[in-house]
$ cat coords36.txt   # compact mmCIF, C-alpha atoms and all ligand atoms
# COMPACT_ATOMS: atom_id res chain seq x y z
CA MET A 47 141.00 126.28 77.13
CA ILE A 48 141.24 122.76 78.55
CA ASP A 49 141.70 122.58 82.28
CA LEU A 50 144.54 120.48 83.60
CA ALA A 51 142.26 118.13 85.55
CA SER A 52 140.81 116.75 82.30
CA ILE A 53 143.87 116.83 80.04
CA THR A 54 144.75 113.72 78.01
CA LYS A 55 148.24 112.25 77.90
CA GLU A 56 148.64 113.31 74.25
CA GLU A 57 147.66 116.92 75.02
CA LEU A 58 149.93 116.97 78.04
CA THR A 59 152.88 115.52 76.14
CA GLU A 60 152.51 118.27 73.57
CA LEU A 61 152.29 120.91 76.28
CA LEU A 62 155.34 119.60 78.11
CA ALA A 63 157.35 119.45 74.88
CA LYS A 64 156.73 123.18 74.43
CA HIS A 65 158.38 123.70 77.80
CA GLY A 66 161.32 121.48 76.82
CA GLN A 67 160.32 118.70 79.22
CA PRO A 68 161.18 115.02 78.63
CA ALA A 69 158.32 112.68 77.67
CA PHE A 70 158.46 110.64 80.90
CA ARG A 71 157.14 113.65 82.81
CA ALA A 72 153.74 113.18 81.16
CA LYS A 73 153.29 109.80 82.87
CA GLN A 74 154.24 111.30 86.23
CA VAL A 75 151.81 114.19 85.85
CA MET A 76 148.99 111.91 84.66
CA GLU A 77 149.39 109.76 87.78
CA TRP A 78 148.99 112.78 90.00
CA LEU A 79 146.03 114.09 88.02
CA ALA A 80 144.19 110.77 88.29
CA ARG A 81 144.18 111.45 92.03
CA GLY A 82 143.24 115.10 91.66
CA VAL A 83 146.57 116.40 92.98
CA ARG A 84 147.38 119.99 92.06
CA PRO A 85 150.68 120.92 90.38
CA LEU A 86 152.36 122.50 93.41
CA ASP A 87 151.93 119.19 95.29
CA MET A 88 153.36 117.00 92.49
CA SER A 89 156.43 116.24 94.56
CA ASN A 90 158.49 114.32 92.00
CA LEU A 91 158.52 117.19 89.49
CA PRO A 92 161.13 119.96 89.32
CA LYS A 93 159.98 123.08 91.14
CA ALA A 94 160.05 125.23 87.98
CA LEU A 95 157.72 122.82 86.18
CA ARG A 96 155.35 122.65 89.15
CA GLU A 97 155.14 126.42 89.10
CA LYS A 98 154.60 126.55 85.35
CA LEU A 99 151.77 124.01 85.53
CA SER A 100 150.17 125.78 88.46
CA GLU A 101 149.60 128.82 86.24
CA LEU A 102 147.21 126.81 84.04
CA PRO A 103 143.50 126.61 84.84
CA PHE A 104 143.01 123.43 86.89
CA GLY A 105 139.23 122.88 87.12
CA GLY A 106 139.09 122.16 90.84
CA ALA A 107 136.13 121.38 93.06
CA GLU A 108 136.77 121.56 96.81
CA ILE A 109 134.44 119.98 99.35
CA ILE A 110 133.34 122.77 101.71
CA ASP A 111 130.63 120.96 103.65
CA VAL A 112 129.68 117.33 104.30
CA ARG A 113 126.47 116.14 105.90
CA HIS A 114 126.22 112.54 107.05
CA SER A 115 122.83 110.86 107.16
CA GLN A 116 121.84 109.50 110.58
CA LYS A 117 119.66 106.87 108.89
CA ASP A 118 122.13 105.33 106.45
CA ASP A 119 125.69 105.72 105.27
CA THR A 120 124.90 108.47 102.77
CA ALA A 121 126.98 111.65 102.71
CA LYS A 122 125.95 114.83 100.96
CA MET A 123 128.66 117.23 99.87
CA LEU A 124 128.78 120.83 98.82
CA TYR A 125 131.62 121.64 96.45
CA GLU A 126 133.02 125.07 95.78
CA LEU A 127 134.36 125.71 92.29
CA GLU A 128 137.27 128.09 91.68
CA ASP A 129 134.97 131.00 90.77
CA GLY A 130 132.91 130.55 93.96
CA ASN A 131 130.00 128.68 92.37
CA ILE A 132 128.54 125.92 94.52
CA VAL A 133 127.37 122.49 93.33
CA GLU A 134 126.41 119.37 95.22
CA GLY A 135 127.07 115.66 95.24
CA VAL A 136 125.92 112.57 97.14
CA LEU A 137 127.98 109.52 98.11
CA MET A 138 125.85 106.40 98.55
CA ARG A 139 127.20 103.17 100.02
CA TYR A 140 126.00 99.88 98.61
CA SER A 141 127.15 96.32 99.21
CA TYR A 142 128.74 96.18 95.73
CA GLY A 143 130.58 99.49 95.99
CA ASN A 144 130.06 103.21 96.39
CA THR A 145 128.15 105.41 94.02
CA LEU A 146 128.85 109.10 93.66
CA CYS A 147 126.16 111.34 92.21
CA ILE A 148 127.81 114.27 90.44
CA SER A 149 126.64 117.64 89.11
CA THR A 150 127.22 118.75 85.53
CA GLN A 151 126.03 122.38 85.66
CA ALA A 152 125.65 125.05 88.32
CA GLY A 153 121.86 125.30 88.24
CA CYS A 154 119.81 124.05 85.28
CA ARG A 155 117.65 125.59 82.57
CA MET A 156 115.36 122.64 81.84
CA GLY A 157 112.62 123.92 84.14
CA CYS A 158 111.13 120.61 85.33
CA ALA A 159 108.18 121.43 87.59
CA PHE A 160 109.28 119.21 90.49
CA CYS A 161 113.02 119.88 90.59
CA ALA A 162 114.92 122.12 93.01
CA SER A 163 118.01 122.47 90.76
CA THR A 164 116.22 124.54 88.16
CA LEU A 165 114.54 127.09 90.45
CA ASN A 166 117.06 129.84 89.66
CA GLY A 167 117.99 128.76 86.13
CA ARG A 168 121.42 127.82 84.86
CA VAL A 169 124.42 129.76 86.12
CA ARG A 170 127.07 127.99 84.03
CA ASP A 171 128.29 124.69 82.63
CA LEU A 172 130.86 122.72 84.58
CA THR A 173 134.08 121.84 82.78
CA ALA A 174 135.08 118.20 82.40
CA GLY A 175 137.89 118.86 84.87
CA GLU A 176 135.43 120.11 87.48
CA MET A 177 133.31 116.97 87.10
CA LEU A 178 136.43 114.81 87.51
CA SER A 179 137.46 116.90 90.52
CA GLU A 180 134.11 116.13 92.18
CA VAL A 181 135.17 112.48 92.10
CA THR A 182 138.79 112.92 93.13
CA ALA A 183 137.84 115.28 95.98
CA VAL A 184 135.61 112.55 97.40
CA GLU A 185 138.40 110.00 96.95
CA ARG A 186 140.66 112.18 99.07
CA ALA A 187 138.05 113.01 101.71
CA PHE A 188 136.90 109.39 102.12
CA PRO A 189 139.93 107.17 101.41
CA ALA A 190 139.09 103.59 100.46
CA ASP A 191 139.48 101.11 103.28
CA ASP A 192 140.82 97.53 103.20
CA GLY A 193 143.45 98.34 100.61
CA LYS A 194 140.98 99.02 97.77
CA LYS A 195 142.26 101.49 95.27
CA ARG A 196 139.13 103.58 94.89
CA THR A 197 136.30 104.78 97.07
CA VAL A 198 134.10 105.69 94.13
CA THR A 199 133.33 102.58 92.07
CA ASN A 200 130.20 103.91 90.36
CA ILE A 201 129.14 107.31 89.10
CA VAL A 202 125.67 108.61 88.36
CA MET A 203 125.30 111.93 86.54
CA MET A 204 122.14 112.85 88.41
CA GLY A 205 123.14 115.89 90.44
CA CYS A 206 122.50 119.52 89.43
CA GLY A 207 122.26 120.14 85.72
CA GLU A 208 121.41 118.45 82.44
CA PRO A 209 124.50 116.60 81.17
CA LEU A 210 123.40 116.65 77.51
CA ASP A 211 122.89 120.44 77.72
CA ASN A 212 126.65 120.55 78.48
CA TYR A 213 127.51 118.06 75.81
CA GLU A 214 131.20 118.60 74.98
CA ASN A 215 132.27 118.65 78.61
CA THR A 216 130.15 115.62 79.38
CA VAL A 217 131.75 113.61 76.57
CA ARG A 218 135.22 114.66 77.66
CA PHE A 219 134.36 113.72 81.25
CA LEU A 220 133.11 110.27 80.20
CA ARG A 221 136.27 109.61 78.19
CA ARG A 222 138.56 110.63 81.05
CA ALA A 223 136.48 108.84 83.70
CA THR A 224 136.78 105.56 81.78
CA ALA A 225 140.36 105.95 80.48
CA ALA A 226 142.98 103.61 81.95
CA ASP A 227 145.16 106.62 82.79
CA GLY A 228 142.14 108.59 84.05
CA LEU A 229 139.74 107.35 86.69
CA ALA A 230 139.64 103.87 85.07
CA ILE A 231 135.97 103.32 85.92
CA SER A 232 134.12 100.87 83.67
CA PRO A 233 131.43 102.48 81.45
CA ARG A 234 129.09 99.84 82.89
CA ASN A 235 129.45 101.56 86.24
CA ILE A 236 128.56 105.01 84.96
CA SER A 237 124.98 106.21 84.44
CA LEU A 238 124.05 109.34 82.56
CA SER A 239 120.60 110.73 83.25
CA THR A 240 118.88 113.04 80.79
CA CYS A 241 115.52 114.77 80.60
CA GLY A 242 115.49 113.82 76.91
CA LEU A 243 117.52 115.98 74.51
CA VAL A 244 116.89 113.60 71.62
CA PRO A 245 119.57 114.59 69.03
CA LYS A 246 122.24 114.42 71.72
CA ILE A 247 121.18 110.89 72.68
CA TYR A 248 121.96 109.75 69.13
CA GLN A 249 125.22 111.69 69.11
CA LEU A 250 126.31 110.17 72.43
CA ILE A 251 126.38 106.69 70.91
CA GLU A 252 129.07 107.91 68.49
CA ASP A 253 131.08 110.15 70.78
CA ALA A 254 131.32 108.57 74.21
CA PRO A 255 131.93 105.24 75.92
CA HIS A 256 128.69 103.27 76.15
CA VAL A 257 127.45 104.12 79.62
CA THR A 258 124.06 103.28 81.12
CA LEU A 259 121.50 105.73 79.78
CA CYS A 260 118.75 106.86 82.14
CA ILE A 261 115.81 108.78 80.74
CA SER A 262 113.76 110.96 83.08
CA LEU A 263 110.38 110.07 81.65
CA HIS A 264 107.96 110.68 84.53
CA ALA A 265 104.89 110.34 82.32
CA PRO A 266 103.04 107.83 80.15
CA ASN A 267 101.97 110.37 77.51
CA ASN A 268 102.64 113.87 76.17
CA ASP A 269 99.78 115.52 78.07
CA VAL A 270 101.11 114.50 81.45
CA ARG A 271 104.74 115.08 80.44
CA ASP A 272 103.95 118.58 79.14
CA ARG A 273 102.70 119.48 82.62
CA LEU A 274 105.90 118.36 84.31
CA MET A 275 108.73 118.91 81.84
CA PRO A 276 109.02 121.86 79.42
CA VAL A 277 111.59 119.90 77.37
CA ASN A 278 108.68 117.77 76.17
CA LYS A 279 107.50 120.72 74.06
CA SER A 280 110.69 120.45 72.00
CA PHE A 281 111.12 116.66 71.97
CA ARG A 282 107.90 114.67 72.01
CA MET A 283 107.60 111.17 73.38
CA GLU A 284 107.20 109.88 69.81
CA GLU A 285 110.85 110.88 69.25
CA LEU A 286 112.22 110.22 72.73
CA ILE A 287 111.10 106.61 73.15
CA PRO A 288 112.57 105.49 69.77
CA ALA A 289 115.84 107.28 70.65
CA ALA A 290 115.99 105.30 73.91
CA LYS A 291 115.24 102.07 72.03
CA HIS A 292 117.96 102.89 69.51
CA TYR A 293 120.46 103.43 72.32
CA ALA A 294 119.55 100.06 73.84
CA ASP A 295 119.69 98.28 70.48
CA VAL A 296 123.02 99.72 69.37
CA THR A 297 124.86 99.56 72.69
CA GLY A 298 123.30 96.34 74.00
CA ARG A 299 122.77 98.14 77.31
CA ARG A 300 119.45 98.16 79.11
CA VAL A 301 117.99 101.67 79.26
CA ILE A 302 116.57 102.90 82.55
CA PHE A 303 113.40 104.98 82.59
CA GLU A 304 113.06 107.10 85.70
CA TYR A 305 109.56 107.77 86.85
CA ALA A 306 108.91 110.00 89.86
CA LEU A 307 105.42 109.27 91.16
CA VAL A 308 103.44 112.47 91.69
CA ASP A 309 100.21 112.14 93.59
CA GLY A 310 97.15 112.85 91.42
CA VAL A 311 99.28 113.43 88.28
CA ASN A 312 101.03 110.31 86.93
CA ALA A 313 100.42 107.65 89.58
CA TYR A 314 97.09 106.08 88.46
CA GLU A 315 96.86 102.48 87.29
CA GLU A 316 95.85 103.74 83.80
CA CYS A 317 99.23 105.52 83.72
CA ALA A 318 101.04 102.25 84.43
CA ALA A 319 99.02 100.52 81.70
CA GLU A 320 99.76 103.23 79.13
CA LEU A 321 103.44 103.31 80.10
CA ALA A 322 103.72 99.53 79.73
CA GLU A 323 102.35 99.77 76.17
CA ARG A 324 104.80 102.55 75.27
CA LEU A 325 107.80 100.62 76.54
CA ARG A 326 106.91 97.26 75.10
CA GLY A 327 109.74 95.70 73.08
CA ILE A 328 112.48 97.90 74.54
CA ASN A 329 115.34 96.41 76.57
CA CYS A 330 114.57 98.57 79.59
CA HIS A 331 113.82 98.87 83.28
CA VAL A 332 111.62 101.37 85.11
CA ASN A 333 113.02 102.99 88.22
CA LEU A 334 110.19 104.35 90.35
CA ILE A 335 110.81 107.15 92.84
CA PRO A 336 108.14 108.56 95.14
CA LEU A 337 108.47 112.29 94.32
CA ASN A 338 110.60 114.06 96.86
CA SER A 339 108.50 117.11 97.68
CA VAL A 340 110.49 120.29 97.31
CA LYS A 341 109.30 123.12 99.49
CA GLU A 342 109.15 125.65 96.65
CA ARG A 343 106.97 123.32 94.54
CA ASP A 344 103.39 122.31 95.28
CA LEU A 345 103.61 118.76 93.96
CA LEU A 346 103.30 115.84 96.35
CA GLY A 347 104.79 112.36 96.27
CA VAL A 348 103.20 109.00 97.05
CA THR A 349 104.02 106.53 99.83
CA ARG A 350 106.60 103.80 99.24
CA ALA A 351 103.85 101.23 99.63
CA TYR A 352 101.95 102.93 96.79
CA ALA A 353 105.10 102.97 94.64
CA HIS A 354 105.38 99.20 95.13
CA THR A 355 101.77 98.83 94.02
CA PHE A 356 102.58 100.85 90.88
CA ALA A 357 105.62 98.60 90.26
CA GLY A 358 103.25 95.63 90.50
CA TRP A 359 100.99 97.14 87.83
CA LEU A 360 104.00 97.36 85.47
CA GLU A 361 105.31 93.89 86.36
CA LYS A 362 101.87 92.42 85.71
CA ARG A 363 102.25 93.80 82.18
CA HIS A 364 105.76 92.31 81.86
CA ILE A 365 107.68 95.58 82.29
CA SER A 366 110.54 95.23 84.76
CA ALA A 367 110.25 97.83 87.53
CA THR A 368 111.65 98.53 90.99
CA VAL A 369 111.24 101.25 93.58
CA ARG A 370 114.48 103.14 94.08
CA ARG A 371 116.03 102.84 97.51
CA GLU A 372 115.60 106.04 99.42
CA LEU A 373 118.85 107.34 100.88
CA GLY A 374 119.73 110.51 102.70
CA THR A 375 116.21 111.88 103.08
CA ASP A 376 117.28 113.57 106.32
CA ILE A 377 120.08 115.51 104.58
CA ASP A 378 118.23 117.04 101.63
CA GLY A 379 119.28 114.14 99.39
CA ALA A 380 117.19 115.24 96.40
CA CYS A 381 118.99 117.26 93.75
CA GLY A 382 119.41 120.96 94.29
CA GLN A 383 117.97 121.06 97.78
CA LEU A 384 121.18 121.52 99.72
CA ARG A 385 122.64 123.97 97.23
CA ASN A 386 119.53 126.15 97.52
CA LYS A 387 119.65 126.00 101.30
CA HIS A 388 123.30 127.06 101.23
CA ALA A 389 122.45 129.99 98.93
CA GLU A 390 119.64 131.12 101.24
CA GLU A 391 121.78 130.86 104.35
CA ASN A 392 124.50 132.95 102.72
CA SER A 393 122.33 135.66 101.23
N1 LIG B 1 118.95 116.60 84.19
C1 LIG B 1 119.09 115.19 84.31
C2 LIG B 1 119.83 114.74 85.53
C3 LIG B 1 119.57 115.43 86.85
S1 LIG B 1 118.10 115.06 87.73
C4 LIG B 1 117.73 114.52 84.20
O1 LIG B 1 116.74 115.21 84.07
O2 LIG B 1 117.66 113.30 84.20
C5 LIG B 1 118.23 113.41 88.30
C6 LIG B 1 116.89 112.72 88.46
O3 LIG B 1 116.18 113.20 89.62
C7 LIG B 1 115.96 112.93 87.29
O4 LIG B 1 115.29 111.76 86.97
C8 LIG B 1 115.00 113.96 87.84
O5 LIG B 1 113.82 114.00 87.09
C9 LIG B 1 114.85 113.49 89.27
N2 LIG B 1 114.29 114.45 90.19
C10 LIG B 1 114.44 115.78 90.22
N3 LIG B 1 113.75 116.33 91.23
C11 LIG B 1 113.14 115.32 91.86
C12 LIG B 1 112.25 115.23 92.98
N4 LIG B 1 111.88 116.32 93.64
N5 LIG B 1 111.81 114.01 93.35
C13 LIG B 1 112.21 112.89 92.67
N6 LIG B 1 113.01 112.90 91.62
C14 LIG B 1 113.48 114.10 91.20
$ encode --input "coords36.txt" --output "structure tokens"
Amino acid sequence: MIDLASITKEELTELLAKHGQPAFRAKQVMEWLARGVRPLDMSNLPKALREKLSELPFGGAEIIDVRHSQKDDTAKMLYELEDGNIVEGVLMRYSYGNTLCISTQAGCRMGCAFCASTLNGRVRDLTAGEMLSEVTAVERAFPADDGKKRTVTNIVMMGCGEPLDNYENTVRFLRRATAADGLAISPRNISLSTCGLVPKIYQLIEDAPHVTLCISLHAPNNDVRDRLMPVNKSFRMEELIPAAKHYADVTGRRVIFEYALVDGVNAYEECAAELAERLRGINCHVNLIPLNSVKERDLLGVTRAYAHTFAGWLEKRHISATVRRELGTDIDGACGQLRNKHAEENS
């Protein structure tokens, strides 16, 4: 069953026709939905229709807690879904606009050794409507200033969960997020991050608007990647790197490789050299992140100065690389940390 928050105009028109409603109602409802307004508050609809629509599953996500960073303008949110599940999001302010990091699953089953989101496995997939509601809830909580229409100009799918492990909902979300009568965000301003589910990367080119693809690589070879990411047992780097290249070639979009630097594991100069060879000839960029140590995991990060040195090793070999800006470190900015804390505090 499709939730109302992610319905298309065609689906809605069909639904309304069944209830004997004129076609112009669809436009009215779509305008409300683009702002995340629930049926009972759709004030220009007849009361009977509002009540009818309110009986359908909506796919809501309500902000139940916001933490503001003291160091920068970052805000971390906890959302509650209608069944009580909790997911998290981060709003980051940049000069060019605001980026919202959204979750795609409650928990995650990918098992990456450094990640807090996966500690208790996957609870369930989020619906497309719930992902859209994460955005519209932020729009309502932080209205855009100086007359701008939207607070959220950019979206990164880098919160809890693996988007390509929730494929159908992710595709539906991307279509609605970019649709003119949806959130109307340009695909260029949306990034999807995956740990590397290779067949789904190929499928995504066919099924969804061409967003920026980010690959969580974190290793220069299979040996190192096997230690950090169980998904590498199913999809080897010999398949993953060509899939990334194919995405870049077909879509014309530069692929981003994410690389969290883990002290004593993947941060040696030989790693940079090997990585540079692997990525040669691909329209790509490497985003370096000093690993955010998670208290349940015994892996350690490197200093920012060291990360810049590593970037230099890649640049020297003509691979474009930057160190990701660090935001919200005082508010458990890394994925899954706040959600876990909330679960502990409430158990
Ligand atoms: N499942 C997707 C998206 C969610 S994770 C993926 O794997 O890409 C978003 C990014 O944060 C990924 O690159 C992930 O590897 C990284 N990440 C997770 N835990 C981290 C940590 N403790 N420190 C730094 N990066 C981390």
$ residues_near_ligand --input "coords36.txt" --ligand "ligand LIG 1 (chain B)" --cutoff "8 Å" --atoms "only C-alpha atoms and all ligand atoms" --output "JSON, numbers by chain"
{"A": [149, 154, 156, 158, 160, 161, 162, 163, 203, 204, 205, 206, 207, 208, 209, 238, 239, 240, 241, 242, 260, 261, 262, 263, 264, 304, 305, 306, 307, 335, 336, 337, 338, 339, 340, 347, 380, 381, 382]}
$ atom_distance --input "coords36.txt" --atom1 "atom CA of Pro233 of chain A" --atom2 "atom CA of Thr258 of chain A"
7.4 Å
$ atom_distance --input "coords36.txt" --atom1 "atom CA of Ala72 of chain A" --atom2 "atom CA of Phe188 of chain A"
27.2 Å
$ axis_aligned_box --input "coords36.txt" --around "segment 287-300 of chain A" --padding-each-side "8 Å" --output "JSON"
{"center_x": 118.0, "center_y": 101.8, "center_z": 74.2, "size_x": 29.8, "size_y": 26.9, "size_z": 25.7}
$ residues_near_point --input "coords36.txt" --point "(131.8, 114.5, 85.8)" --cutoff "8 Å" --atoms "only C-alpha atoms" --output "list of chain:residue names"
A:Ile148, A:Ser149, A:Thr150, A:Ala174, A:Gly175, A:Glu176, A:Met177, A:Leu178, A:Ser179, A:Glu180, A:Val181, A:Met203, A:Thr216, A:Phe219, A:Leu220, A:Ala223
$ atom_distance --input "coords36.txt" --atom1 "atom CA of Ala94 of chain A" --atom2 "atom CA of Glu126 of chain A"
28.1 Å
$ residues_near_point --input "coords36.txt" --point "(109.1, 99.4, 80.3)" --cutoff "7 Å" --atoms "only C-alpha atoms" --output "PyMOL selection string"
chain A and resi 321-322+325-326+328+330-332+365-366
$ closest_residue --input "coords36.txt" --among "A:Gly130, A:Pro276, A:Pro288, A:Pro245" --to "Ala389 of chain A" --atoms "all atoms listed in the file"
A:Gly130
$ closest_residue --input "coords36.txt" --among "A:Glu252, A:Glu284, A:Glu185, A:Glu320" --to "Val217 of chain A" --atoms "only C-alpha atoms"
A:Glu252
$ closest_residue --input "coords36.txt" --among "A:Ser89, A:Ser232, A:Ser237, A:Thr199" --to "Ser141 of chain A" --atoms "only C-alpha atoms"
A:Thr199
$ residues_around --input "coords36.txt" --residues "Glu134 of chain A" --least-positions-apart "2" --cutoff "6 Å" --atoms "all atoms listed in the file" --output "JSON, numbers by chain"
{"A": [123, 124, 125]}
$ closest_residue --input "coords36.txt" --among "A:Leu146, A:Leu334, A:Ala183, A:Ala121" --to "Ala318 of chain A" --atoms "all atoms listed in the file"
A:Leu334
$ residues_around --input "coords36.txt" --residues "Gly327 of chain A" --least-positions-apart "6" --cutoff "12 Å" --atoms "all atoms listed in the file" --output "PyMOL selection string"
chain A and resi 287-288+290-292+294-295+300-301+363-366
$ closest_residue --input "coords36.txt" --among "A:Val133, A:Gln249, A:Glu316, A:Asp211" --to "Tyr293 of chain A" --atoms "all atoms listed in the file"
A:Gln249
$ decode --input "coords36.txt" --residues "segment 140-154 of chain A" --atoms "N, CA, C and O atoms" --output "tab-separated table (two decimals), in the first residue's frame"
chain	number	residue	atom	x	y	z
A	140	TYR	N	25.38	25.38	4.72
A	140	TYR	CA	26.54	25.76	3.90
A	140	TYR	C	26.22	27.09	3.24
A	140	TYR	O	25.07	27.52	3.21
A	141	SER	N	27.25	27.72	2.67
A	141	SER	CA	27.02	29.02	2.04
A	141	SER	C	26.06	28.88	0.85
A	141	SER	O	25.26	29.75	0.58
A	142	TYR	N	26.11	27.73	0.15
A	142	TYR	CA	25.30	27.58	-1.06
A	142	TYR	C	23.89	27.06	-0.80
A	142	TYR	O	23.08	26.95	-1.70
A	143	GLY	N	23.62	26.69	0.46
A	143	GLY	CA	22.29	26.16	0.77
A	143	GLY	C	22.38	25.24	1.97
A	143	GLY	O	23.40	25.20	2.66
A	144	ASN	N	21.30	24.52	2.21
A	144	ASN	CA	21.28	23.64	3.39
A	144	ASN	C	21.12	22.19	2.96
A	144	ASN	O	20.27	21.87	2.13
A	145	THR	N	21.91	21.34	3.54
A	145	THR	CA	21.87	19.93	3.20
A	145	THR	C	21.25	19.13	4.33
A	145	THR	O	21.65	19.28	5.48
A	146	LEU	N	20.28	18.31	3.98
A	146	LEU	CA	19.69	17.42	4.97
A	146	LEU	C	20.15	15.99	4.71
A	146	LEU	O	20.03	15.49	3.59
A	147	CYS	N	20.67	15.37	5.75
A	147	CYS	CA	21.06	13.97	5.67
A	147	CYS	C	19.89	13.14	6.18
A	147	CYS	O	19.42	13.34	7.30
A	148	ILE	N	19.38	12.24	5.32
A	148	ILE	CA	18.18	11.47	5.72
A	148	ILE	C	18.50	9.99	5.91
A	148	ILE	O	19.46	9.45	5.37
A	149	SER	N	17.64	9.33	6.68
A	149	SER	CA	17.73	7.89	6.91
A	149	SER	C	16.81	7.15	5.96
A	149	SER	O	15.75	7.66	5.58
A	150	THR	N	17.21	5.93	5.59
A	150	THR	CA	16.40	5.14	4.66
A	150	THR	C	15.89	3.83	5.27
A	150	THR	O	15.03	3.18	4.71
A	151	GLN	N	16.47	3.45	6.40
A	151	GLN	CA	16.00	2.26	7.13
A	151	GLN	C	16.13	2.54	8.63
A	151	GLN	O	16.97	3.35	9.03
A	152	ALA	N	15.29	1.87	9.42
A	152	ALA	CA	15.51	1.90	10.87
A	152	ALA	C	16.52	0.80	11.13
A	152	ALA	O	16.26	-0.38	10.90
A	153	GLY	N	17.74	1.20	11.54
A	153	GLY	CA	18.83	0.24	11.67
A	153	GLY	C	19.41	-0.09	10.30
A	153	GLY	O	19.10	0.58	9.30
A	154	CYS	N	20.24	-1.12	10.24
A	154	CYS	CA	20.91	-1.49	8.99
A	154	CYS	C	21.44	-2.90	9.16
A	154	CYS	O	21.81	-3.30	10.26
